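What follows is a set of notes on a single structure, which appears directly below.
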Amino acid sequence: MKSRTVLICQGTGCVSGGSEKIFAALEKEIEQAGLADQVQVKATGCHGFCEQGPLVITEPDGIFYSRVKKDDIPDIVQSLLPEGQPVERLFYHNPVTGEALPHYKDIPFYSKQQRTVLSNCGHIDPEQIDDYIAKGGYDALKKVLNNLKPQEVIDEVIRSGLRGLGGAGFPTGRKWQFCHDAPGDTKYAVCNADEGDPGAFQDRSILEGDPNSVLEGMTIAGYAVGARKGYMYVRAEYPLAIKRLRIAIAQSKEKGFLGENIFGSGFDFDIEIFEGAGAFVCGEETALIASLAGGRGAPRPRPPFPAVSGLHGKPTLLNNVKSYANIRWIINQGADWFSSRGTDTCKGTAIFSLTGKTANCGLIEVPMGISIRKIIYDIGGGMPGGKAFKAVQTGGPSGGCLPEEHLDIAVDFDSLRKAGAIMGSGGMVVMDEDTCMVDVARYFLDFTQKESCGQCPLCRLGTKQMLEILTDITCGRGKPGDIDLLTEIAEAVKNGSLCALGGTAPNPVLTTLRYFRHEYEAHIEHKKCPARACRDLIRFYILPEKCQGCGMCRKQCPVDAITGDKKMVHIIDQSTCTKCGTCIDACPKKFSSIVKVSGEEIEVPKEPIPIIPRPKKDQAAAKA
Amino acid sequence: MEDRIAEIFMRYKGTKVELVPLLQQVQEECGYLPEEAMFKIARFTGTPESEVYSVATFYAQFRLTPMGRKRVMICRGTACHVRGAPQVQEAVERKLGISDGETTEDLEYTLDTVACIGACGLAPCMMINKDVHGRLTSKSVLKVFETNGGEQGEE
């Protein structure tokens with residue numbers, strides 16, 4: 001029996017940091033140290049704390065190593081020897097206090113979460129079905145097939161209060177009931193894994209870290225509604241998720257959890273993977289079904305709903321990855337346990353991709369009803385670099401931006417919607433004082449305008465017009481009346497679009513107008529970007545009283561816009577400057593002679609002049 | 001090309017439902033969707049040519065022009081956007097001398113911006129073929145291209 005385990009994350013984030021090579025090196029090193037019969041090395045899915053990757057965790061002591069490199073392996077292996085000490089330099093440090101936190105369970109990013117659906121992610125090898133089984137995997141399926149009638153399963157899901165975690169929040173159990181009640185012998189269960197929101201990656205992490213939990217949920221759903229065939233619609237951009245799903249499907253067929261006569265119950269179910277070819281609108285259920293059937297992914301009017309007439313005109317159950325992944329918990333722990341967490345109207349947990357300008361980025365699972373402030377400050381660790389919080393964006397291109405005063409609202413479907421944002425597929429992007437809200441609105445409109453399928457004229461043309469107005473504003477060509485026109489088009493697009501893509505596309509504009517109108521006004525009236533982010537409205541200057549002529553900025557400027565010699569004050573040629581900001585980073589901190597301004601001009605020499613040497617005392621202080 | 005496409009067709013029944021997977025397979029084989037191949041797919045699946053074209057141009061994955069040996073995908077997801085993806089994109093465009101959607105003359109690189117590659121914790125990031133490179137700056141992204149010409153850049 002191996003007494004210790006070393007877990008190495010093999011999620012997309014950590015793999016990009018070289019965790020595959022670390023895995024190989026670790027196995028070799030353990031072999032050489034003669035520990036192979038005591039230590040097991042295990043490749044796992046995503047721990048969610050991608051920002052600190054590659055991650056290595058040793059069990060059973062639960063030591064958490066962050067940003068591990070290949071060269072660190074010998075030290076980690078030494079620590080596994082009987083007299084070995086943990087490798088302190090690889091400990092995670094609290095970004096605010098600087099305190100070292102060696103244990104997984106003490107890191108606020110994890111300790112403040114309630115990981116349920118994500119509990120296996122990072123702790124089991126997703127390519128070994130036995131790992132999943134050891135954690136109680138497929139118990140729920142066995143229980144369902146041996147003891148429960150389809151209607152009893154549906155009743156349990158209804159009682160749990162689970163709501164669709166793909167964004168809209170429709171009660172999952174009722175959806176199952178509709179599909180169950182729809183007449184027809186051939187039915188389908190489809191999993192929507194076409195995670196297209198820019199800024200969300202939870203579906204990917206679940207599929208990469210615990211694919212069997214989704215397959216188990218789908219199979220239970222198939223049994224409940226009377227489907228014998230399932231489709232997993234995954235983005236082709238997620239190659240690792242697809243690979244692990246294929247392995248999971250093959251292994252569960254071998255074990256008899258998929259295929260014919262599962263657990264001797266007479267129930268047959270098979271799951272096929274369909275690789276989505278990349279269209280945001282295919283996240284909409286009717287569009288996804290059209291795409292599965294081999295055509296363009298264009299939405300159609302509802303009713304009939306897919307539960308009644310979906311794929312090939314047959315009743316089709318469509319749920320998101322996270323909804324399916326919750327099912328085994330409802331069956332194993334019971335609906336009462338499930339609904340004991342969360343709020344009155346939203347039960348269970350919510351999964352967010354916490355990204356942007358927070359100290360800790362990554363995937364988190366929290367009880368419904370937690371405040372946004374707790375997420376950003378307790379789990380996310382607040383804003384790094386002493387920057388001020390400005391807004392949090394939830395729900396991707398269909399969602400909205402909420403300001404500081406809304407940080408205490410509860411995170412659930414209803415409260416977020418009331419504030420103008422939505423839960424959506426769980427993206428949560430934090431923005432600080434350097435983020436321009438007009439630019440954010442423009443960014444989202446640029447996305448939805450490209451992704452509009454083009455059927456509804458108001459969506460196709462309206463988003464284009466809004467994008468042009470927003471682009472003009474960010475470029476300093478904004479006109480009085482633009483704000484009113486934007487609002488008018490936004491309402492029209494909202495009302496005149498068939499599907500949720502068009503219906504929610506104006507949300508980023510409407511919420512930024514509601515909460516950050518002054519930024520729009522500054523752009524339009526004063527040609528000023530308060531966040532100093534819009535390139536056409538900013539300028540970089542080298543302050544002559546501070547520049548010491550070191551030449552760092554000149555050497556690194558990618559477009560040779562800076563002139564000057566040794567001991568001469570450098571000058572930026574404004575007509576050549578592309579405002580990339582490289583010079584600000586290049587200027588040594590002790591000089592800090594370059595400034596970025598918007599809406600003002602600074603008097604600087606036209607030609608390089610000799611520098612003003614800094615007083616000796618200053619230099620000594622700078623050195624110290 | 002004829003043989004390779006015939007080989008792909010052997011694995012399918014020739015129904016309209018298979019249109020997207022067929023286009024994906026052909027693109028995987030040829031690197032893009034040649035006109036001749038799309039005609040063949042139309043005949044094979046019994047779908048009007050116009051519809052094959054319509055589907056091929058609807059999805060972001062498909063391309064109708066040859067692609068470079070290495071496909072550089074710069075993530076323009078929200079997290080990457082607020083953490084400086086525009087600057088990274090500009091640096092890459094300058095380095096390769098091409099802009100979004102273009103291919104270098106030597107067919108070495110194709111540059112694309114993509115909505116989100118789902119590695120937001122590493123923002124800003126990009127993918128070169130199947131390798132993800134994260135935590136980029138306008139400076140560090142150039143190093144990725146200098147080590148091994150962009151493949152397996154991190155060591």
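Every chain in the structure tokens takes a letter, A first, then B, and so on in the order presented; its residues are numbered from 1, and the ligands are numbered from 1 following the presented order.
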
Which parts of stretch 161-400 of chain A does DSSP call strand (DSSP E or B) when run on the backbone here, written out as an NGL selection string? :A and (163 or 171 or 188-193 or 229-235 or 259 or 269-276 or 316-320 or 342 or 347 or 349-356 or 362-367 or 371 or 389-394 or 400)

Could you tell me which residues of chain A sit within 8 Å of chain B when counting only C-alpha atoms, and give me the result as a ChimeraX atom specification? /A:12-13,15-18,49-51,196-201,204,237-239,274-275,277-279,292-297,353,355-357,361-362,396,429,431,435,447,453,580,582

For the residues in the current selection, export C-alpha atoms as a PDB file, in the first residue's frame.
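Result saved to result-v8.pdb:
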```pdb
ATOM      1  CA  THR A  12      -5.371  23.289 -19.322  1.00  0.00           C
ATOM      2  CA  GLY A  13      -3.956  26.078 -17.186  1.00  0.00           C
ATOM      3  CA  VAL A  15      -0.408  22.086 -18.675  1.00  0.00           C
ATOM      4  CA  SER A  16       0.406  25.406 -20.302  1.00  0.00           C
ATOM      5  CA  GLY A  17       2.818  25.983 -17.445  1.00  0.00           C
ATOM      6  CA  GLY A  18       4.562  22.686 -18.182  1.00  0.00           C
ATOM      7  CA  PHE A  49      -6.579  27.940  -8.837  1.00  0.00           C
ATOM      8  CA  CYS A  50      -5.111  28.182 -12.317  1.00  0.00           C
ATOM      9  CA  GLU A  51      -3.373  31.433 -11.638  1.00  0.00           C
ATOM     10  CA  GLY A 196     -18.921  30.184 -25.319  1.00  0.00           C
ATOM     11  CA  ASP A 197     -18.996  33.074 -22.880  1.00  0.00           C
ATOM     12  CA  PRO A 198     -15.694  34.868 -23.035  1.00  0.00           C
ATOM     13  CA  GLY A 199     -14.487  34.735 -19.447  1.00  0.00           C
ATOM     14  CA  ALA A 200     -16.040  31.463 -18.300  1.00  0.00           C
ATOM     15  CA  PHE A 201     -14.344  28.081 -18.100  1.00  0.00           C
ATOM     16  CA  ARG A 204     -14.313  22.929 -19.358  1.00  0.00           C
ATOM     17  CA  GLU A 237     -11.734  24.442 -28.968  1.00  0.00           C
ATOM     18  CA  TYR A 238     -11.595  22.232 -25.863  1.00  0.00           C
ATOM     19  CA  PRO A 239      -9.398  19.373 -27.116  1.00  0.00           C
ATOM     20  CA  PHE A 274     -20.425  16.110 -31.076  1.00  0.00           C
ATOM     21  CA  GLU A 275     -17.725  18.703 -31.585  1.00  0.00           C
ATOM     22  CA  ALA A 277     -17.591  24.140 -34.664  1.00  0.00           C
ATOM     23  CA  GLY A 278     -17.595  27.449 -32.865  1.00  0.00           C
ATOM     24  CA  ALA A 279     -20.630  29.693 -32.742  1.00  0.00           C
ATOM     25  CA  LEU A 292     -26.545  18.946 -33.988  1.00  0.00           C
ATOM     26  CA  ALA A 293     -28.828  18.166 -36.910  1.00  0.00           C
ATOM     27  CA  GLY A 294     -26.126  19.298 -39.329  1.00  0.00           C
ATOM     28  CA  GLY A 295     -27.088  22.823 -40.237  1.00  0.00           C
ATOM     29  CA  ARG A 296     -26.370  26.391 -39.325  1.00  0.00           C
ATOM     30  CA  GLY A 297     -26.943  26.988 -35.650  1.00  0.00           C
ATOM     31  CA  SER A 353     -14.935  31.674 -13.109  1.00  0.00           C
ATOM     32  CA  THR A 355     -11.118  36.404 -13.314  1.00  0.00           C
ATOM     33  CA  GLY A 356      -9.857  39.842 -14.183  1.00  0.00           C
ATOM     34  CA  LYS A 357      -8.228  42.164 -11.683  1.00  0.00           C
ATOM     35  CA  CYS A 361      -8.203  34.094 -10.106  1.00  0.00           C
ATOM     36  CA  GLY A 362      -9.739  30.734 -10.748  1.00  0.00           C
ATOM     37  CA  GLY A 396     -20.644  37.475 -20.106  1.00  0.00           C
ATOM     38  CA  VAL A 429     -14.778  39.456 -14.274  1.00  0.00           C
ATOM     39  CA  MET A 431     -12.488  45.424 -13.125  1.00  0.00           C
ATOM     40  CA  THR A 435     -10.698  49.569 -16.902  1.00  0.00           C
ATOM     41  CA  PHE A 447     -18.449  40.194 -29.643  1.00  0.00           C
ATOM     42  CA  CYS A 453     -26.635  34.685 -36.479  1.00  0.00           C
ATOM     43  CA  CYS A 580       1.284  50.477 -26.276  1.00  0.00           C
ATOM     44  CA  THR A 582       5.914  49.574 -23.213  1.00  0.00           C
TER      45      THR A 582
END
```

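Residues in contact with A:Ser598 at 10 Å, where only C-alpha atoms are counted and same-chain residues fewer than 3 positions away are skipped, are listed as His523, His526, Lys527, Lys528, Cys529, Pro530, Ala531, Arg532, Ala533, Cys534, Arg535, Asp536, Leu537, Ile538, Arg539, Phe540 and Glu601 of chain A.
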
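Considering only C-alpha atoms, the residue among A:Ala492, A:Ala221, A:Val392, A:Ile364 positioned nearest to A:Tyr110 is A:Ile364.
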
Would you please extract all alpha helix (DSSP H) residues from stretch 11-63 of chain B, as assigned by DSSP on the backbone, and give them as a PyMOL selection string? chain B and resi 19-30+35-45+49-58

Can you spit out the residues from that selection as a CSV table (one decimal), in the first residue's frame, using N, CA and C atoms?
```csv
chain,number,residue,atom,x,y,z
B,19,LEU,N,-22.9,16.6,-41.8
B,19,LEU,CA,-22.2,17.8,-42.5
B,19,LEU,C,-21.1,18.4,-41.7
B,20,VAL,N,-21.4,18.7,-40.5
B,20,VAL,CA,-20.4,19.4,-39.6
B,20,VAL,C,-19.2,18.5,-39.4
B,21,PRO,N,-19.4,17.3,-38.9
B,21,PRO,CA,-18.2,16.4,-38.7
B,21,PRO,C,-17.4,16.2,-40.0
B,22,LEU,N,-18.1,16.1,-41.1
B,22,LEU,CA,-17.4,15.9,-42.4
B,22,LEU,C,-16.5,17.1,-42.7
B,23,LEU,N,-17.1,18.3,-42.6
B,23,LEU,CA,-16.3,19.5,-42.8
B,23,LEU,C,-15.1,19.5,-41.9
B,24,GLN,N,-15.3,19.1,-40.6
B,24,GLN,CA,-14.2,19.1,-39.6
B,24,GLN,C,-13.1,18.2,-40.0
B,25,GLN,N,-13.5,17.0,-40.5
B,25,GLN,CA,-12.5,16.0,-40.9
B,25,GLN,C,-11.7,16.5,-42.1
B,26,VAL,N,-12.4,17.0,-43.1
B,26,VAL,CA,-11.7,17.5,-44.3
B,26,VAL,C,-10.8,18.6,-43.9
B,27,GLN,N,-11.2,19.5,-43.1
B,27,GLN,CA,-10.4,20.6,-42.7
B,27,GLN,C,-9.1,20.1,-41.9
B,28,GLU,N,-9.4,19.1,-41.1
B,28,GLU,CA,-8.3,18.5,-40.3
B,28,GLU,C,-7.2,17.9,-41.3
B,29,GLU,N,-7.7,17.3,-42.4
B,29,GLU,CA,-6.8,16.7,-43.4
B,29,GLU,C,-6.1,17.7,-44.3
B,30,CYS,N,-6.9,18.7,-44.7
B,30,CYS,CA,-6.3,19.6,-45.7
B,30,CYS,C,-5.9,20.9,-45.1
B,35,GLU,N,-12.5,24.5,-52.3
B,35,GLU,CA,-13.8,24.6,-53.0
B,35,GLU,C,-14.2,23.2,-53.5
B,36,GLU,N,-13.2,22.5,-54.1
B,36,GLU,CA,-13.5,21.2,-54.7
B,36,GLU,C,-14.0,20.2,-53.6
B,37,ALA,N,-13.4,20.3,-52.4
B,37,ALA,CA,-13.8,19.4,-51.4
B,37,ALA,C,-15.3,19.7,-50.9
B,38,MET,N,-15.6,21.0,-50.9
B,38,MET,CA,-17.0,21.3,-50.5
B,38,MET,C,-18.0,20.8,-51.5
B,39,PHE,N,-17.6,20.9,-52.8
B,39,PHE,CA,-18.5,20.3,-53.8
B,39,PHE,C,-18.8,18.8,-53.6
B,40,LYS,N,-17.7,18.2,-53.3
B,40,LYS,CA,-17.7,16.7,-53.0
B,40,LYS,C,-18.6,16.4,-51.8
B,41,ILE,N,-18.5,17.2,-50.8
B,41,ILE,CA,-19.3,17.0,-49.6
B,41,ILE,C,-20.7,17.2,-49.9
B,42,ALA,N,-21.0,18.2,-50.7
B,42,ALA,CA,-22.4,18.5,-51.1
B,42,ALA,C,-23.0,17.3,-51.8
B,43,ARG,N,-22.3,16.7,-52.8
B,43,ARG,CA,-22.8,15.5,-53.5
B,43,ARG,C,-22.9,14.3,-52.6
B,44,PHE,N,-21.9,14.1,-51.7
B,44,PHE,CA,-21.9,13.0,-50.8
B,44,PHE,C,-23.1,13.0,-49.8
B,45,THR,N,-23.4,14.2,-49.3
B,45,THR,CA,-24.5,14.2,-48.3
B,45,THR,C,-25.8,14.6,-48.9
B,49,GLU,N,-25.1,22.8,-52.7
B,49,GLU,CA,-23.8,23.4,-52.5
B,49,GLU,C,-23.9,24.7,-51.7
B,50,SER,N,-25.0,25.4,-52.0
B,50,SER,CA,-25.2,26.7,-51.2
B,50,SER,C,-25.3,26.4,-49.7
B,51,GLU,N,-25.9,25.3,-49.4
B,51,GLU,CA,-26.1,25.0,-47.9
B,51,GLU,C,-24.7,24.6,-47.3
B,52,VAL,N,-23.9,23.9,-48.0
B,52,VAL,CA,-22.6,23.5,-47.5
B,52,VAL,C,-21.8,24.8,-47.3
B,53,TYR,N,-21.9,25.7,-48.2
B,53,TYR,CA,-21.1,26.9,-48.1
B,53,TYR,C,-21.7,27.7,-46.9
B,54,SER,N,-23.0,27.7,-46.8
B,54,SER,CA,-23.7,28.5,-45.7
B,54,SER,C,-23.2,27.9,-44.3
B,55,VAL,N,-23.1,26.6,-44.2
B,55,VAL,CA,-22.7,26.0,-42.9
B,55,VAL,C,-21.2,26.3,-42.7
B,56,ALA,N,-20.4,26.2,-43.7
B,56,ALA,CA,-19.0,26.3,-43.6
B,56,ALA,C,-18.6,27.8,-43.2
B,57,THR,N,-19.4,28.7,-43.6
B,57,THR,CA,-19.1,30.1,-43.3
B,57,THR,C,-19.8,30.6,-42.0
B,58,PHE,N,-20.7,29.7,-41.5
B,58,PHE,CA,-21.4,30.1,-40.3
B,58,PHE,C,-20.5,29.9,-39.0
```

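Among the candidates B:Ala85, B:Val92, B:Leu33, B:Ala6, the one nearest to B:Leu64 when counting only C-alpha atoms is B:Leu33.
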
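Comparing the minimum interatomic distances between A:His570 and each of A:Pro608, A:Pro558, A:Gly166, A:Gly342, counting only C-alpha atoms, we find that A:Pro608 sits nearest.
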
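What separates atom CA of A:Val440 from atom CA of A:Gln393 is a distance of 9.5 Å.
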
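For the pair atom CA of A:Val493 and atom CA of A:Ala421, the interatomic distance is 17.1 Å.
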
All residues 12 Å or closer to A:Thr576, only C-alpha atoms, same chain fewer than 5 positions away omitted, as a list in words: Arg539, Phe540, Cys557, Pro558, Val559, Asp560, Ala561, Ile562, Thr563 and Ile571 of chain A

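In this structure, atom CA of A:Lys322 sits 28.0 Å away from atom CA of A:Gly264.
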
Extract, using only C-alpha atoms, all DNA, RNA and protein residues at most 12 Å from A:Arg477, discarding same-chain residues fewer than 2 positions from it, and format them as a ChimeraX atom specification. /A:468-475,479-480,482,520,523-528,536-537

Residues as selected, C-alpha atoms, written as a PDB file, in the first residue's frame, can you do that?
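For reference, out_10.pdb as written:
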```
ATOM      1  CA  GLU A 468     -20.212  51.941 -34.308  1.00  0.00           C
ATOM      2  CA  ILE A 469     -21.502  54.537 -31.869  1.00  0.00           C
ATOM      3  CA  LEU A 470     -19.494  53.027 -29.018  1.00  0.00           C
ATOM      4  CA  THR A 471     -16.377  52.873 -31.186  1.00  0.00           C
ATOM      5  CA  ASP A 472     -16.838  56.535 -32.072  1.00  0.00           C
ATOM      6  CA  ILE A 473     -17.162  57.447 -28.405  1.00  0.00           C
ATOM      7  CA  THR A 474     -14.009  55.570 -27.423  1.00  0.00           C
ATOM      8  CA  CYS A 475     -12.119  57.169 -30.308  1.00  0.00           C
ATOM      9  CA  LYS A 479     -21.516  63.451 -30.302  1.00  0.00           C
ATOM     10  CA  PRO A 480     -24.169  64.926 -28.029  1.00  0.00           C
ATOM     11  CA  ASP A 482     -25.230  59.510 -28.682  1.00  0.00           C
ATOM     12  CA  TYR A 520     -19.688  58.140 -21.242  1.00  0.00           C
ATOM     13  CA  HIS A 523     -15.643  60.680 -23.377  1.00  0.00           C
ATOM     14  CA  ILE A 524     -18.261  62.575 -25.363  1.00  0.00           C
ATOM     15  CA  GLU A 525     -18.058  66.053 -23.854  1.00  0.00           C
ATOM     16  CA  HIS A 526     -14.447  66.343 -22.730  1.00  0.00           C
ATOM     17  CA  LYS A 527     -12.798  63.757 -25.009  1.00  0.00           C
ATOM     18  CA  LYS A 528     -11.381  62.277 -21.876  1.00  0.00           C
ATOM     19  CA  ASP A 536      -7.186  57.602 -29.014  1.00  0.00           C
ATOM     20  CA  LEU A 537      -7.817  59.661 -25.910  1.00  0.00           C
TER      21      LEU A 537
END
```

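Summary of the local environment: counting only C-alpha atoms, residues at most 7 Å from stretch 120-136 of chain A, other than itself and those fewer than 4 positions away along its chain, are Cys9, Lys42, Ala43, Thr44, Gly45, Cys46, His47, Ile206, Glu208, Gly209, Asp210, Pro211, Arg244, Ile247, Ala248 and Gln251 of chain A.
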
Can you pull out the residues contacting A:Leu402? Cut-off 9 Å, using only C-alpha atoms, and skip same-chain residues under 6 positions away; I want them as a ChimeraX atom specification. /A:390-394,419-421,511-512,515

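Nearest residue to B:Glu146 among B:Leu96, B:Pro66, B:Asp112, B:Arg4 is B:Leu96, counting only C-alpha atoms.
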
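Distances from A:Phe263, A:Phe280, A:Tyr231, A:Phe109 to A:Ile375 were compared using only C-alpha atoms, and the smallest one belongs to A:Phe109.
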
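Distance check against B:Gly68 using only C-alpha atoms: of B:Gln89, B:Thr47, B:Glu105, B:Asp100, the minimum falls on B:Glu105.
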